[in-house]
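**Q** You'll find target-v5.cif just under this line, and it carries mmCIF, C-alpha atoms and all ligand atoms.
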data_upload
#
loop_
_atom_site.label_atom_id
_atom_site.label_comp_id
_atom_site.auth_asym_id
_atom_site.auth_seq_id
_atom_site.Cartn_x
_atom_site.Cartn_y
_atom_site.Cartn_z
CA MET A 149 18.41 91.26 -6.44
CA LYS A 150 22.15 91.72 -6.72
CA SER A 151 24.00 92.77 -3.61
CA PHE A 152 27.50 93.52 -2.38
CA SER A 153 29.29 93.74 0.92
CA THR A 154 32.42 95.64 1.92
CA ASP A 155 34.31 97.05 4.89
CA ALA A 156 33.43 100.70 5.38
CA VAL A 157 34.02 103.75 7.55
CA LEU A 158 31.07 106.09 7.92
CA LEU A 159 31.85 109.57 6.60
CA ARG A 160 28.54 111.40 6.89
CA ARG A 161 24.82 111.02 6.97
CA THR A 162 22.06 113.29 5.76
CA GLU A 163 18.33 113.13 6.19
CA TYR A 164 16.28 112.15 3.19
CA GLY A 165 12.54 112.69 3.43
CA ASP A 166 10.65 111.75 6.55
CA TYR A 167 11.98 108.25 7.00
CA ASP A 168 15.29 107.66 5.27
CA LEU A 169 18.93 108.59 5.66
CA ILE A 170 21.58 108.90 2.98
CA ILE A 171 24.84 107.52 4.31
CA THR A 172 28.21 108.24 2.73
CA TYR A 173 30.89 105.66 3.37
CA PHE A 174 34.51 105.29 2.49
CA THR A 175 34.71 101.61 1.65
CA ARG A 176 37.64 99.28 1.18
CA SER A 177 36.54 97.78 -2.13
CA MET A 178 34.48 100.57 -3.73
CA GLY A 179 35.96 103.82 -2.45
CA ARG A 180 33.54 106.56 -1.48
CA ILE A 181 29.91 105.58 -1.97
CA SER A 182 26.51 106.85 -0.87
CA VAL A 183 23.72 104.46 0.03
CA ILE A 184 20.20 104.89 1.29
CA ALA A 185 19.16 103.54 4.68
CA LYS A 186 15.40 103.08 4.40
CA ASN A 187 13.31 103.82 7.47
CA ALA A 188 16.49 104.46 9.45
CA LYS A 189 15.03 107.66 10.87
CA LYS A 190 11.86 106.01 12.11
CA SER A 191 13.02 102.61 13.21
CA VAL A 192 15.58 103.00 15.95
CA ARG A 193 16.19 99.28 16.19
CA ARG A 194 17.03 98.62 12.59
CA PHE A 195 20.54 100.09 12.56
CA ALA A 196 20.78 100.85 16.26
CA GLY A 197 23.86 102.91 17.03
CA ALA A 198 25.54 101.87 13.80
CA LEU A 199 24.98 105.03 11.81
CA ASP A 200 27.16 107.40 13.81
CA PRO A 201 30.23 109.04 12.32
CA PHE A 202 33.63 107.27 12.29
CA ILE A 203 32.22 103.78 12.98
CA ALA A 204 33.99 101.01 11.04
CA MET A 205 31.70 98.26 9.86
CA ASN A 206 30.95 95.72 7.22
CA ILE A 207 27.96 96.77 5.16
CA GLU A 208 25.69 94.73 2.93
CA CYS A 209 23.71 96.58 0.26
CA SER A 210 21.41 95.81 -2.65
CA LEU A 211 22.30 97.29 -5.99
CA PRO A 212 19.65 99.68 -7.30
CA LYS A 213 17.13 98.44 -9.84
CA ARG A 214 17.27 101.67 -11.78
CA ARG A 215 20.32 103.54 -12.96
CA GLY A 216 20.88 106.72 -11.03
CA SER A 217 19.33 105.38 -7.81
CA LEU A 218 21.35 104.68 -4.72
CA PRO A 219 22.17 101.20 -3.40
CA VAL A 220 20.00 100.23 -0.44
CA LEU A 221 21.66 99.48 2.89
CA ASN A 222 20.38 96.09 4.11
CA SER A 223 22.53 95.30 7.11
CA VAL A 224 25.55 96.48 9.05
CA ASP A 225 27.98 94.51 11.17
CA ILE A 226 30.03 96.81 13.42
CA GLU A 227 33.72 96.05 13.28
CA ASN A 228 34.81 98.79 15.67
CA PRO A 229 32.52 101.51 17.08
CA PHE A 230 35.51 103.70 18.10
CA ALA A 231 33.38 104.78 21.02
CA ASN A 232 36.15 106.69 22.84
CA ILE A 233 36.34 109.15 19.96
CA ARG A 234 32.76 110.30 20.31
CA THR A 235 33.00 110.78 24.09
CA SER A 236 35.90 113.25 23.67
CA THR A 237 35.25 116.61 22.05
CA VAL A 238 38.84 117.11 20.95
CA LYS A 239 39.13 113.57 19.56
CA THR A 240 35.88 114.18 17.70
CA GLY A 241 37.47 117.36 16.35
CA TYR A 242 40.47 115.50 14.95
CA ALA A 243 38.45 112.59 13.55
CA SER A 244 35.98 114.98 11.88
CA TYR A 245 38.83 116.82 10.17
CA TRP A 246 40.42 113.61 8.85
CA ILE A 247 37.04 112.34 7.69
CA GLU A 248 36.34 115.62 5.88
CA ILE A 249 39.68 115.34 4.07
CA ILE A 250 38.71 111.84 2.87
CA ASN A 251 35.20 112.95 1.94
CA SER A 252 36.47 115.97 -0.01
CA TRP A 253 39.36 114.36 -1.83
CA MET A 254 38.40 110.77 -2.59
CA GLU A 255 36.46 110.29 -5.79
CA GLU A 256 33.13 108.51 -5.84
CA GLY A 257 33.49 104.80 -6.54
CA LYS A 258 37.28 104.82 -6.77
CA PRO A 259 38.81 102.38 -4.26
CA ASP A 260 42.13 103.00 -2.56
CA GLU A 261 43.05 100.33 -0.02
CA ALA A 262 46.09 102.22 1.26
CA ILE A 263 43.90 105.22 2.16
CA TYR A 264 41.32 102.88 3.68
CA ASP A 265 43.93 101.24 5.91
CA LEU A 266 45.33 104.66 6.81
CA ILE A 267 42.03 106.12 8.00
CA PHE A 268 41.09 102.89 9.79
CA ASN A 269 44.43 102.69 11.62
CA VAL A 270 44.50 106.33 12.58
CA LEU A 271 40.95 106.18 13.99
CA ASP A 272 41.88 102.98 15.82
CA SER A 273 44.93 104.67 17.39
CA LEU A 274 42.92 107.77 18.29
CA ASN A 275 40.35 105.53 19.94
CA ARG A 276 43.00 103.61 21.92
CA GLY A 277 44.63 106.85 23.04
CA LYS A 278 48.23 105.60 23.33
CA ILE A 279 49.66 107.95 20.74
CA SER A 280 49.13 111.69 21.07
CA MET A 281 46.38 113.17 18.92
CA GLU A 282 48.74 115.79 17.50
CA VAL A 283 51.29 113.19 16.36
CA LEU A 284 48.53 111.08 14.82
CA SER A 285 47.14 114.05 12.96
CA VAL A 286 50.51 115.06 11.53
CA LEU A 287 51.16 111.45 10.56
CA PHE A 288 47.76 111.04 8.94
CA GLN A 289 48.12 114.21 6.88
CA ILE A 290 51.67 113.44 5.73
CA ARG A 291 50.77 109.87 4.77
CA PHE A 292 47.56 110.99 3.09
CA MET A 293 49.48 113.43 0.89
CA GLY A 294 52.07 110.75 0.12
CA ILE A 295 49.52 108.17 -1.01
CA SER A 296 47.47 110.76 -2.91
CA GLY A 297 50.57 112.06 -4.66
CA PHE A 298 50.69 115.68 -3.59
CA THR A 299 53.48 115.70 -1.03
CA PRO A 300 55.19 119.07 -1.24
CA ASN A 301 58.93 119.14 -1.71
CA LEU A 302 60.36 120.11 1.66
CA VAL A 303 64.03 119.34 1.11
CA GLY A 304 65.09 122.66 -0.36
CA CYS A 305 64.09 125.85 -2.16
CA GLY A 306 61.64 124.89 -4.90
CA HIS A 307 62.86 127.73 -7.13
CA CYS A 308 66.67 127.72 -7.12
CA GLY A 309 67.11 124.22 -5.70
CA ILE A 310 69.36 125.16 -2.78
CA ALA A 311 69.23 122.43 -0.09
CA LEU A 312 67.49 123.06 3.23
CA ASP A 313 70.77 122.86 5.16
CA ASP A 314 72.35 125.49 2.91
CA ILE A 315 69.60 128.04 3.45
CA ARG A 316 70.94 130.50 6.03
CA GLN A 317 67.67 131.48 7.68
CA ASN A 318 66.07 129.16 10.19
CA LYS A 319 62.54 130.20 9.28
CA ILE A 320 61.63 129.39 5.71
CA ARG A 321 58.61 130.47 3.78
CA PHE A 322 56.42 127.92 2.07
CA ASP A 323 54.40 129.41 -0.77
CA LEU A 324 50.96 127.81 -0.83
CA ALA A 325 50.11 128.59 -4.44
CA SER A 326 53.18 126.94 -5.94
CA GLY A 327 53.48 124.33 -3.18
CA LYS A 328 57.19 125.14 -2.85
CA LEU A 329 59.62 126.35 -0.24
CA ILE A 330 61.17 129.65 -1.13
CA CYS A 331 64.59 130.75 0.12
CA GLU A 332 65.32 134.33 1.15
CA THR A 333 67.19 135.13 -2.09
CA CYS A 334 64.37 133.89 -4.31
CA LYS A 335 61.79 135.57 -2.10
CA LEU A 336 63.56 138.89 -2.54
CA LYS A 337 63.65 138.40 -6.33
CA MET A 338 59.97 137.47 -6.50
CA PHE A 339 58.32 139.61 -3.88
CA GLY A 340 60.79 142.42 -3.30
CA LYS A 341 60.85 143.68 0.23
CA THR A 342 57.32 142.60 1.12
CA THR A 343 57.28 141.31 4.64
CA PHE A 344 55.09 138.42 5.58
CA SER A 345 53.79 137.86 9.04
CA ILE A 346 54.61 134.47 10.45
CA ASN A 347 51.11 133.97 11.73
CA GLU A 348 49.18 135.20 8.73
CA THR A 349 47.93 131.75 7.84
CA ILE A 350 47.33 130.69 11.38
CA SER A 351 44.94 133.52 12.05
CA HIS A 352 43.23 133.66 8.67
CA TYR A 353 41.49 130.47 7.63
CA PRO A 354 40.74 129.73 4.92
CA VAL A 355 43.76 130.70 2.92
CA THR A 356 42.49 132.16 -0.30
CA THR A 357 44.91 134.59 -1.92
CA ILE A 358 47.93 133.54 -3.91
CA GLU A 359 50.28 135.62 -1.80
CA LYS A 360 49.53 133.41 1.13
CA GLY A 361 52.26 131.32 2.59
CA ILE A 362 53.31 129.72 5.82
CA THR A 363 56.59 130.23 7.59
CA VAL A 364 58.07 127.04 8.98
CA SER A 365 61.35 126.39 10.75
CA LYS A 366 64.00 124.08 9.33
CA GLY A 367 63.76 121.60 12.17
CA THR A 368 60.04 121.12 11.59
CA LEU A 369 60.51 120.69 7.84
CA LYS A 370 63.12 117.99 8.47
CA GLN A 371 60.88 116.15 10.89
CA LEU A 372 57.97 116.29 8.46
CA SER A 373 60.11 114.84 5.66
CA TRP A 374 61.40 112.17 7.98
CA ILE A 375 58.06 110.96 9.31
CA SER A 376 56.64 110.51 5.84
CA SER A 377 58.61 107.26 5.81
CA ILE A 378 57.46 105.99 9.24
CA ASP A 379 54.77 103.34 9.64
CA ILE A 380 51.87 104.23 11.88
CA GLU A 381 52.62 101.31 14.24
CA TYR A 382 55.93 102.96 15.13
CA ALA A 383 54.35 106.35 15.67
CA ASP A 384 54.62 106.09 19.45
CA ARG A 385 58.41 106.20 19.05
CA LEU A 386 58.28 109.54 17.29
CA LYS A 387 59.73 112.30 19.37
CA PHE A 388 58.51 115.68 18.29
CA SER A 389 59.41 118.89 20.02
CA LYS A 390 56.36 120.88 21.08
CA THR A 391 57.22 123.64 18.61
CA ALA A 392 57.70 121.21 15.72
CA LEU A 393 54.39 119.57 16.43
CA LYS A 394 52.54 122.86 16.60
CA GLU A 395 54.24 124.23 13.49
CA GLY A 396 53.74 120.94 11.66
CA GLU A 397 50.03 120.98 12.42
CA TYR A 398 49.59 124.60 11.31
CA PHE A 399 51.55 123.95 8.15
CA LEU A 400 49.56 120.86 7.17
CA GLU A 401 46.22 122.36 8.18
CA GLY A 402 47.03 125.32 5.94
CA PHE A 403 48.39 123.38 2.99
CA ILE A 404 45.94 120.48 2.69
CA PRO A 405 42.68 122.51 2.57
CA PHE A 406 44.40 124.96 0.19
CA HIS A 407 45.47 122.10 -2.09
CA ILE A 408 42.06 120.45 -1.95
CA GLY A 409 40.55 123.87 -2.64
CA ARG A 410 37.99 123.82 0.08
CA ASN A 411 37.27 125.59 3.31
CA MET A 412 36.86 122.81 5.82
CA LYS A 413 34.19 123.39 8.42
CA SER A 414 35.62 120.68 10.63
CA LEU A 415 38.89 122.60 10.86
CA ASP A 416 37.20 125.62 12.47
CA PHE A 417 35.68 123.25 14.99
CA LEU A 418 39.02 121.51 15.60
CA HIS A 419 40.74 124.86 16.22
CA ARG A 420 38.10 125.90 18.71
CA VAL A 421 38.11 122.68 20.72
CA ARG A 422 41.89 122.36 20.57
CA ASN A 423 42.28 125.84 22.06
CA ILE A 424 39.91 125.02 24.90
CA TYR A 425 41.67 121.69 25.47
CA ALA A 426 45.10 123.38 25.54
CA LYS A 427 43.87 125.80 28.21
CA VAL A 428 42.44 122.97 30.31
CA ILE A 429 45.62 120.88 30.33
CA SER A 430 48.07 123.77 30.82
ZN ZN B 1 65.85 129.83 -3.78
#
What does the file become when written as structure tokens?

**A**
Amino acid sequence: MKSFSTDAVLLRRTEYGDYDLIITYFTRSMGRISVIAKNAKKSVRRFAGALDPFIAMNIECSLPKRRGSLPVLNSVDIENPFANIRTSTVKTGYASYWIEIINSWMEEGKPDEAIYDLIFNVLDSLNRGKISMEVLSVLFQIRFMGISGFTPNLVGCGHCGIALDDIRQNKIRFDLASGKLICETCKLKMFGKTTFSINETISHYPVTTIEKGITVSKGTLKQLSWISSIDIEYADRLKFSKTALKEGEYFLEGFIPFHIGRNMKSLDFLHRVRNIYAKVIS
């Protein structure tokens, strides 16, 4: 029987019948794949502790005999269990959100080593705990958009082309539908005197209507553009102001699900646990 092995990060698992589990992985050499773990529900020993979310491992699978069937998971060799993530609710919240982005966006069977390295490194950093979760999340989202090719243009008005520095207002509206910044002059031309609440996106997930946008300050936009060029290993040198970090997170957590076109359950969870966490540490 033909088999294959690859490095993989576990994205999700679902029950299949009385005995089996279907495991979805993001793998280094095959992209997102689903495999079947036979008897994994019944036999605790077989894959003991290796089928939890976020774990990075090397997997060995048999190719299916029939077309349309799933490969069968034969063995797993844990590379990093990332155990500190699962013991922290807020870390679990962040990791679940990143994993859902990967699971929603990456196509079945289409490898992307840069994305694989990105998710592995960001989970590794989250597990080690040296870099703040918020910085990691902003970094992950920015880099993910960059590699996937949907980075929004944040250097100026996407309609008239005026540069960020030449826009008079400090708070600038980002229109989700067009994926562009819109200066005050263009906004007036397009929307008349409609006023938009700054927090409209923050309080109303998911963003569904085309009028929806996010208001972001210049400083945050500049920092977001700047960090898209930073390697994750230098992330601990990034100095974000509290406001920029918060605004950056809200902006990305509004834009990415909107662009992917999906309401992310993990994001509701992240918002809940992050609020509780913020109250605890303040
Ligand atoms: Zn403009």

**Q** Throw together the list of residues within 12 Å of ligand ZN 1 (chain B), counting all atoms listed in the file, and drop it here as a compact mmCIF listing (two decimals) with C-alpha atoms, keeping the file's coordinate frame.

**A**
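Result saved to selection-v5.txt:
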# COMPACT_ATOMS: atom_id res chain seq x y z
CA VAL A 303 64.03 119.34 1.11
CA GLY A 304 65.09 122.66 -0.36
CA CYS A 305 64.09 125.85 -2.16
CA GLY A 306 61.64 124.89 -4.90
CA HIS A 307 62.86 127.73 -7.13
CA CYS A 308 66.67 127.72 -7.12
CA GLY A 309 67.11 124.22 -5.70
CA ILE A 310 69.36 125.16 -2.78
CA ALA A 311 69.23 122.43 -0.09
CA LEU A 312 67.49 123.06 3.23
CA ASP A 314 72.35 125.49 2.91
CA ILE A 315 69.60 128.04 3.45
CA ARG A 316 70.94 130.50 6.03
CA GLN A 317 67.67 131.48 7.68
CA ILE A 320 61.63 129.39 5.71
CA ARG A 321 58.61 130.47 3.78
CA PHE A 322 56.42 127.92 2.07
CA ASP A 323 54.40 129.41 -0.77
CA LYS A 328 57.19 125.14 -2.85
CA LEU A 329 59.62 126.35 -0.24
CA ILE A 330 61.17 129.65 -1.13
CA CYS A 331 64.59 130.75 0.12
CA GLU A 332 65.32 134.33 1.15
CA THR A 333 67.19 135.13 -2.09
CA CYS A 334 64.37 133.89 -4.31
CA LYS A 335 61.79 135.57 -2.10
CA LEU A 336 63.56 138.89 -2.54
CA LYS A 337 63.65 138.40 -6.33
CA MET A 338 59.97 137.47 -6.50

**Q** Nearest to Met293 of chain A among A:His407, A:Lys387, A:Arg194, A:Lys413, with distances taken over all atoms listed in the file: which residue is it?

**A** A:His407

**Q** Counting all atoms listed in the file, which residues of segment 226-333 of chain A fall within 10 Å of segment 377-384 of chain A, and what is the closest atom pair for each with its distance in Å at one decimal, ordered by chain and rising number, as a tab-separated table?

**A**
residue	atom	partner	partner_atom	distance
A:Leu266	CA	A:Ile380	CA	8.3
A:Asn269	CA	A:Ile380	CA	7.6
A:Val270	CA	A:Ile380	CA	7.7
A:Ser273	CA	A:Ile380	CA	8.9
A:Lys278	CA	A:Asp384	CA	7.5
A:Ile279	CA	A:Asp384	CA	5.5
A:Ser280	CA	A:Asp384	CA	8.0
A:Val283	CA	A:Ala383	CA	7.5
A:Leu284	CA	A:Ala383	CA	7.5
A:Leu287	CA	A:Ile380	CA	7.4
A:Phe288	CA	A:Ile380	CA	8.5
A:Ile290	CA	A:Ser377	CA	9.3
A:Arg291	CA	A:Ser377	CA	8.3
A:Gly294	CA	A:Ser377	CA	9.3

**Q** Rounded to one decimal place, report the atom CA of Ser236 of chain A-atom CA of Ile429 of chain A distance in Å.

**A**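 Atom-to-atom, atom CA of Ser236 of chain A and atom CA of Ile429 of chain A are spaced 14.0 Å apart.
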
**Q** Rank A:Asn411, A:Thr162, A:Thr235, A:Thr368 by their smallest atom-to-atom distance to Lys390 of chain A, using all atoms listed in the file, and report the top residue only.

**A** A:Thr368

**Q** Go ahead and compute the interatomic distance for atom CA of Arg160 of chain A and atom CA of Thr172 of chain A, in Å to one decimal.

**A**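 Between atom CA of Arg160 of chain A and atom CA of Thr172 of chain A the gap works out to 5.2 Å.
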
**Q** Find the residue from A:Phe298, A:Phe230, A:Phe388, A:Phe268 that sits nearest to Glu282 of chain A; use all atoms listed in the file when measuring.

**A**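 Between A:Phe298, A:Phe230, A:Phe388, A:Phe268, the residue approaching Glu282 of chain A most closely is A:Phe388.
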
**Q** Between atom CA of His419 of chain A and atom CA of Tyr398 of chain A, what is the distance, to one decimal in Å?

**A**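 Going from atom CA of His419 of chain A over to atom CA of Tyr398 of chain A covers 10.1 Å.
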
**Q** Pick the closest to Glu248 of chain A from A:Leu158, A:Ile424, A:Ile170, A:Leu400: which is it, counting all atoms listed in the file?

**A** A:Leu158

**Q** Applying 8 Å and all atoms listed in the file, which residues near Pro259 of chain A remain after dropping the ones on its own chain fewer than 3 positions away? List them as a PyMOL selection string.

**A** chain A and resi 175-180

**Q** Next, the residues of the selection above should be written as a PDB file, keeping the file's coordinate frame with C-alpha atoms.

**A**
ATOM      1  CA  THR A 175      34.710 101.610   1.650  1.00  0.00           C
ATOM      2  CA  ARG A 176      37.640  99.280   1.180  1.00  0.00           C
ATOM      3  CA  SER A 177      36.540  97.780  -2.130  1.00  0.00           C
ATOM      4  CA  MET A 178      34.480 100.570  -3.730  1.00  0.00           C
ATOM      5  CA  GLY A 179      35.960 103.820  -2.450  1.00  0.00           C
ATOM      6  CA  ARG A 180      33.540 106.560  -1.480  1.00  0.00           C
TER       7      ARG A 180
END

**Q** Of the candidates A:Leu159, A:Leu221, A:Cys209, A:Ala426, which shows the shortest atom-to-atom distance to Lys186 of chain A, using only C-alpha atoms?

**A**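 When distances to Lys186 of chain A are compared using only C-alpha atoms, the smallest one comes from A:Leu221.
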
**Q** List the neighbours of Val157 of chain A out to 6 Å using all atoms listed in the file; skip same-chain residues closer than 3 positions along the sequence, and give me the result as a compact mmCIF listing (two decimals) with C-alpha atoms, in the coordinates of the input.

**A**
# COMPACT_ATOMS: atom_id res chain seq x y z
CA TYR A 173 30.89 105.66 3.37
CA PHE A 174 34.51 105.29 2.49
CA PHE A 202 33.63 107.27 12.29
CA ILE A 203 32.22 103.78 12.98
CA ALA A 204 33.99 101.01 11.04

**Q** If we count all atoms listed in the file and set the cut-off at 12 Å, which residues sit around Lys213 of chain A, ignoring sequence neighbours fewer than 6 positions away in its own chain? Please answer as a PDB file with C-alpha atoms, keeping the file's coordinate frame.

**A**
ATOM      1  CA  MET A 149      18.410  91.260  -6.440  1.00  0.00           C
ATOM      2  CA  LYS A 150      22.150  91.720  -6.720  1.00  0.00           C
ATOM      3  CA  SER A 151      24.000  92.770  -3.610  1.00  0.00           C
ATOM      4  CA  PRO A 219      22.170 101.200  -3.400  1.00  0.00           C
ATOM      5  CA  VAL A 220      20.000 100.230  -0.440  1.00  0.00           C
TER       6      VAL A 220
END

**Q** Do you know which residues are at most 12 Å from Thr391 of chain A counting all atoms listed in the file, after dropping those on the same chain fewer than 2 positions away, and could you put them as a list in words?

**A**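 So the residues in contact are Glu282, Val364, Ser365, Lys366, Gly367, Thr368, Leu369, Gln371, Lys387, Phe388, Ser389, Leu393, Lys394, Glu395, Gly396, Glu397, Tyr398 and Phe399 of chain A.
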
**Q** Go through A:Ala188, A:Ser326, A:Ser182, A:Ala243 and flag the residue nearest Met281 of chain A, using only C-alpha atoms for the distances.

**A**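 Answer, going by the shortest atom-to-atom distance: A:Ala243.
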